[in-house]
Protein chains: 2
Amino acid sequence: MAADPVDAPHYWYGADDRMPSAAVLESLRAYRAAETAMRRRTRESMHMGESDLLALRYLLRAEREHRAVTPKDLADYLAISTASTSVLLNRLEKSGHIRRAPHPTDRRALVVTSTGASDDEVRATLGRMHARMLEVAAQLSVDEAAVVIRFLDGMREAVDAIDVPDGAASESARPADSEA
Amino acid sequence: MAADPVDAPHYWYGADDRMPSAAVLESLRAYRAAETAMRRRTRESMHMGESDLLALRYLLRAEREHRAVTPKDLADYLAISTASTSVLLNRLEKSGHIRRAPHPTDRRALVVTSTGASDDEVRATLGRMHARMLEVAAQLSVDEAAVVIRFLDGMREAVDAIDVPDGAASESARPADSEA
DNA sequence: GGCGATCGCTAGACGCTCTAGCGTTCCGAC
DNA sequence: GTCGGAACGCTAGAGCGTCTAGCGATCGCC
């Protein structure tokens, strides 16, 4: 494994049912690495940190679904403090990606909205990628899709099952991760 | 192009009223989120940064394959500067996870070795998880494994294909990613 | 033997996160 | 009606990890 993730000669084990499982995991690893790399490229091209981009994507998705987003929502989603969220919003506001507006009913809170610029910028990259991913997924038959889903769910359960001993992490929702 | 599958008048897909492609991507997303969360839990339980843990995993894997690792190797793999790598090694050395030893042939360089403690610590969590993942993968038939691999490779190509306009990110190889 | 390239290191700066604590606003109890 | 705790978003100051710049030591090729 190590070295090159790209040219792993999977696809074909012929009658040799040697270890397709290892090849599957290698493919998963390669995908994961590619995604991480893509994420970094995007981050760098937009001159942003990971959280900034994640916040922007979350915001754009929320707007598509007509959900209002408050700084608190972002803090929970990103699993960072509200203090960090304030600074994050300052950055995104100064760079012209978002705007702050008063919350319609709660005068303590505010709602975050995206500007057209940020929408275009993100859509230009992530949108295209998502379309390609959807294309690939659409090429699966119903049965094949079921296989893939079963596999991915199993993998998810495997990593979810890992509980760390030290136990430093436990509070409420750590789901915040990424994406969505 | 035509990315949006919305217009395709598909049949009905069982209990899940979404199209299988969307469901597949959702599973992929869920896995990704779970893995990110696991990574954070592990990081926190070991009181380490992301790079530290990645470096340690890289080192342990290299040792299993009897490959010597120099600070330069780590810098390239982690895509950080050699300066940052020096500091990283200082951290890991002080915490007792690694040791620095002179390089057998190049007196400018040195080789990084892991201590037994770090091996145990990592194996206690990641090893168990990897075993579970292997289990799940092993439940696939050869044909099913091929389907999953084809899917994952397609996904990898999709994210690899994304090229950012600004072009800030381009240096040498984009390999450095993560994982492995 | 000399000289550019490579290796790993320190110094100083920057960016992003954190905890602590602030004022404002909300909401249920009195 | 008002009073007090809770929730929201903010600023201040510190910590951590990364970066660039530049150092001495060593290598390898001429």
# chains A, B, ... in the order shown; residues from 1 in each chain; ligands from 1

call {"tool": "closest_atom_pairs", "arguments": {"of": "chain C", "to": "chain A", "cutoff": "8 Å", "atoms": "only C-alpha atoms (C1' of nucleotides)", "output": "tab-separated table"}}
result
residue	atom	partner	partner_atom	distance
C:DT17	C1'	A:Ser84	CA	6.6
C:DC18	C1'	A:Ser81	CA	7.8
C:DT24	C1'	A:Arg108	CA	6.6
C:DT25	C1'	A:Arg108	CA	5.2
C:DC26	C1'	A:Asp106	CA	7.8

call {"tool": "residues_around", "arguments": {"residues": "Leu53 of chain A", "least_positions_apart": "4", "cutoff": "12 Å", "atoms": "only C-alpha atoms (C1' of nucleotides)", "output": "PyMOL selection string"}}
result
chain A and resi 39-49+57-60+74+78+88-89+91-92+97-98+118-119+121-122+125-126+178-179

call {"tool": "closest_atom_pairs", "arguments": {"of": "chain C", "to": "segment 9-28 of chain D", "cutoff": "10 Å", "atoms": "only C-alpha atoms (C1' of nucleotides)", "output": "Markdown table"}}
result
| residue | atom | partner | partner_atom | distance |
| --- | --- | --- | --- | --- |
| C:DG4 | C1' | D:DG28 | C1' | 9.9 |
| C:DA5 | C1' | D:DC27 | C1' | 8.4 |
| C:DT6 | C1' | D:DC27 | C1' | 7.5 |
| C:DC7 | C1' | D:DT26 | C1' | 8.0 |
| C:DG8 | C1' | D:DA25 | C1' | 9.4 |
| C:DC9 | C1' | D:DC23 | C1' | 8.0 |
| C:DT10 | C1' | D:DC23 | C1' | 8.0 |
| C:DA11 | C1' | D:DA21 | C1' | 8.9 |
| C:DG12 | C1' | D:DA21 | C1' | 9.3 |
| C:DA13 | C1' | D:DC19 | C1' | 8.3 |
| C:DC14 | C1' | D:DC19 | C1' | 7.7 |
| C:DG15 | C1' | D:DT18 | C1' | 8.3 |
| C:DC16 | C1' | D:DC16 | C1' | 9.3 |
| C:DT17 | C1' | D:DC16 | C1' | 8.4 |
| C:DC18 | C1' | D:DG15 | C1' | 7.7 |
| C:DT19 | C1' | D:DA14 | C1' | 9.0 |
| C:DA20 | C1' | D:DA12 | C1' | 8.9 |
| C:DG21 | C1' | D:DA12 | C1' | 9.1 |
| C:DC22 | C1' | D:DC10 | C1' | 8.1 |
| C:DG23 | C1' | D:DC10 | C1' | 9.0 |
| C:DT24 | C1' | D:DG9 | C1' | 9.3 |

call {"tool": "residues_around", "arguments": {"residues": "Leu28 of chain B", "least_positions_apart": "2", "cutoff": "10 Å", "atoms": "only C-alpha atoms (C1' of nucleotides)", "output": "ChimeraX atom specification"}}
result
/A:148-149,151-153,155-156 /B:22-26,30-34,152,155

call {"tool": "select_by_dssp", "arguments": {"residues": "segment 44-169 of chain B", "states": "alpha helix (DSSP H)", "output": "NGL selection string"}}
result
:B and (44-45 or 50-64 or 71-78 or 82-94 or 116-122 or 128-138 or 142-160)

call {"tool": "select_by_dssp", "arguments": {"residues": "chain A", "states": "strand (DSSP E or B)", "output": "JSON, numbers by chain"}}
result
{"A": [98, 99, 100, 101, 102, 110, 111, 112, 113, 114]}

call {"tool": "write_last_selection", "arguments": {"atoms": "N, CA, C and O atoms", "output": "compact mmCIF listing (two decimals), in the first residue's frame"}}
result
# COMPACT_ATOMS: atom_id res chain seq x y z
N ILE A 98 -20.37 36.00 3.42
CA ILE A 98 -21.63 35.91 4.17
C ILE A 98 -22.02 37.30 4.67
O ILE A 98 -21.24 38.26 4.61
N ARG A 99 -23.25 37.36 5.16
CA ARG A 99 -23.74 38.59 5.78
C ARG A 99 -24.44 38.23 7.06
O ARG A 99 -25.02 37.15 7.19
N ARG A 100 -24.42 39.14 8.01
CA ARG A 100 -25.16 38.93 9.25
C ARG A 100 -26.41 39.79 9.22
O ARG A 100 -26.35 40.96 8.86
N ALA A 101 -27.51 39.23 9.61
CA ALA A 101 -28.76 39.99 9.66
C ALA A 101 -29.45 39.67 10.98
O ALA A 101 -29.25 38.59 11.55
N PRO A 102 -30.24 40.59 11.47
CA PRO A 102 -30.93 40.34 12.75
C PRO A 102 -31.91 39.18 12.63
O PRO A 102 -32.53 38.97 11.59
N LEU A 110 -28.89 36.15 15.57
CA LEU A 110 -28.86 36.71 14.24
C LEU A 110 -28.86 35.57 13.23
O LEU A 110 -28.61 34.42 13.59
N VAL A 111 -29.18 35.89 12.02
CA VAL A 111 -29.16 34.86 10.98
C VAL A 111 -28.05 35.16 9.99
O VAL A 111 -27.79 36.31 9.66
N VAL A 112 -27.42 34.10 9.57
CA VAL A 112 -26.31 34.22 8.64
C VAL A 112 -26.83 33.91 7.24
O VAL A 112 -27.50 32.90 7.04
N THR A 113 -26.53 34.76 6.30
CA THR A 113 -26.94 34.51 4.92
C THR A 113 -25.71 34.56 4.02
O THR A 113 -24.74 35.24 4.33
N SER A 114 -25.78 33.83 2.94
CA SER A 114 -24.65 33.82 2.01
C SER A 114 -24.85 34.89 0.95
O SER A 114 -25.96 35.29 0.65

call {"tool": "atom_distance", "arguments": {"atom1": "atom CA of Met38 of chain B", "atom2": "atom CA of Val159 of chain A"}}
result
6.3 Å

call {"tool": "closest_residue", "arguments": {"among": "A:Ala117, A:Val69, A:Ala161, A:Ala75", "to": "chain B", "atoms": "only C-alpha atoms"}}
result
A:Ala161

call {"tool": "residues_around", "arguments": {"residues": "Pro20 of chain A", "least_positions_apart": "6", "cutoff": "8 Å", "atoms": "only C-alpha atoms (C1' of nucleotides)", "output": "count of residues only"}}
result
6

call {"tool": "closest_residue", "arguments": {"among": "A:Met133, A:Asp143, A:Arg123, A:Leu56", "to": "chain B", "atoms": "only C-alpha atoms"}}
result
A:Met133

call {"tool": "closest_residue", "arguments": {"among": "B:Asp160, B:Asp73, B:Asp52, B:Asp120", "to": "chain A", "atoms": "only C-alpha atoms"}}
result
B:Asp160

call {"tool": "atom_distance", "arguments": {"atom1": "atom C1' of DG1 of chain C", "atom2": "atom CA of Thr105 of chain B"}}
result
22.3 Å

call {"tool": "atom_distance", "arguments": {"atom1": "atom CA of His130 of chain A", "atom2": "atom CA of Arg61 of chain A"}}
result
12.9 Å

call {"tool": "residues_around", "arguments": {"residues": "DC3 of chain D", "least_positions_apart": "4", "cutoff": "12 Å", "atoms": "only C-alpha atoms (C1' of nucleotides)", "output": "VMD selection string"}}
result
chain C and resid 27 to 30
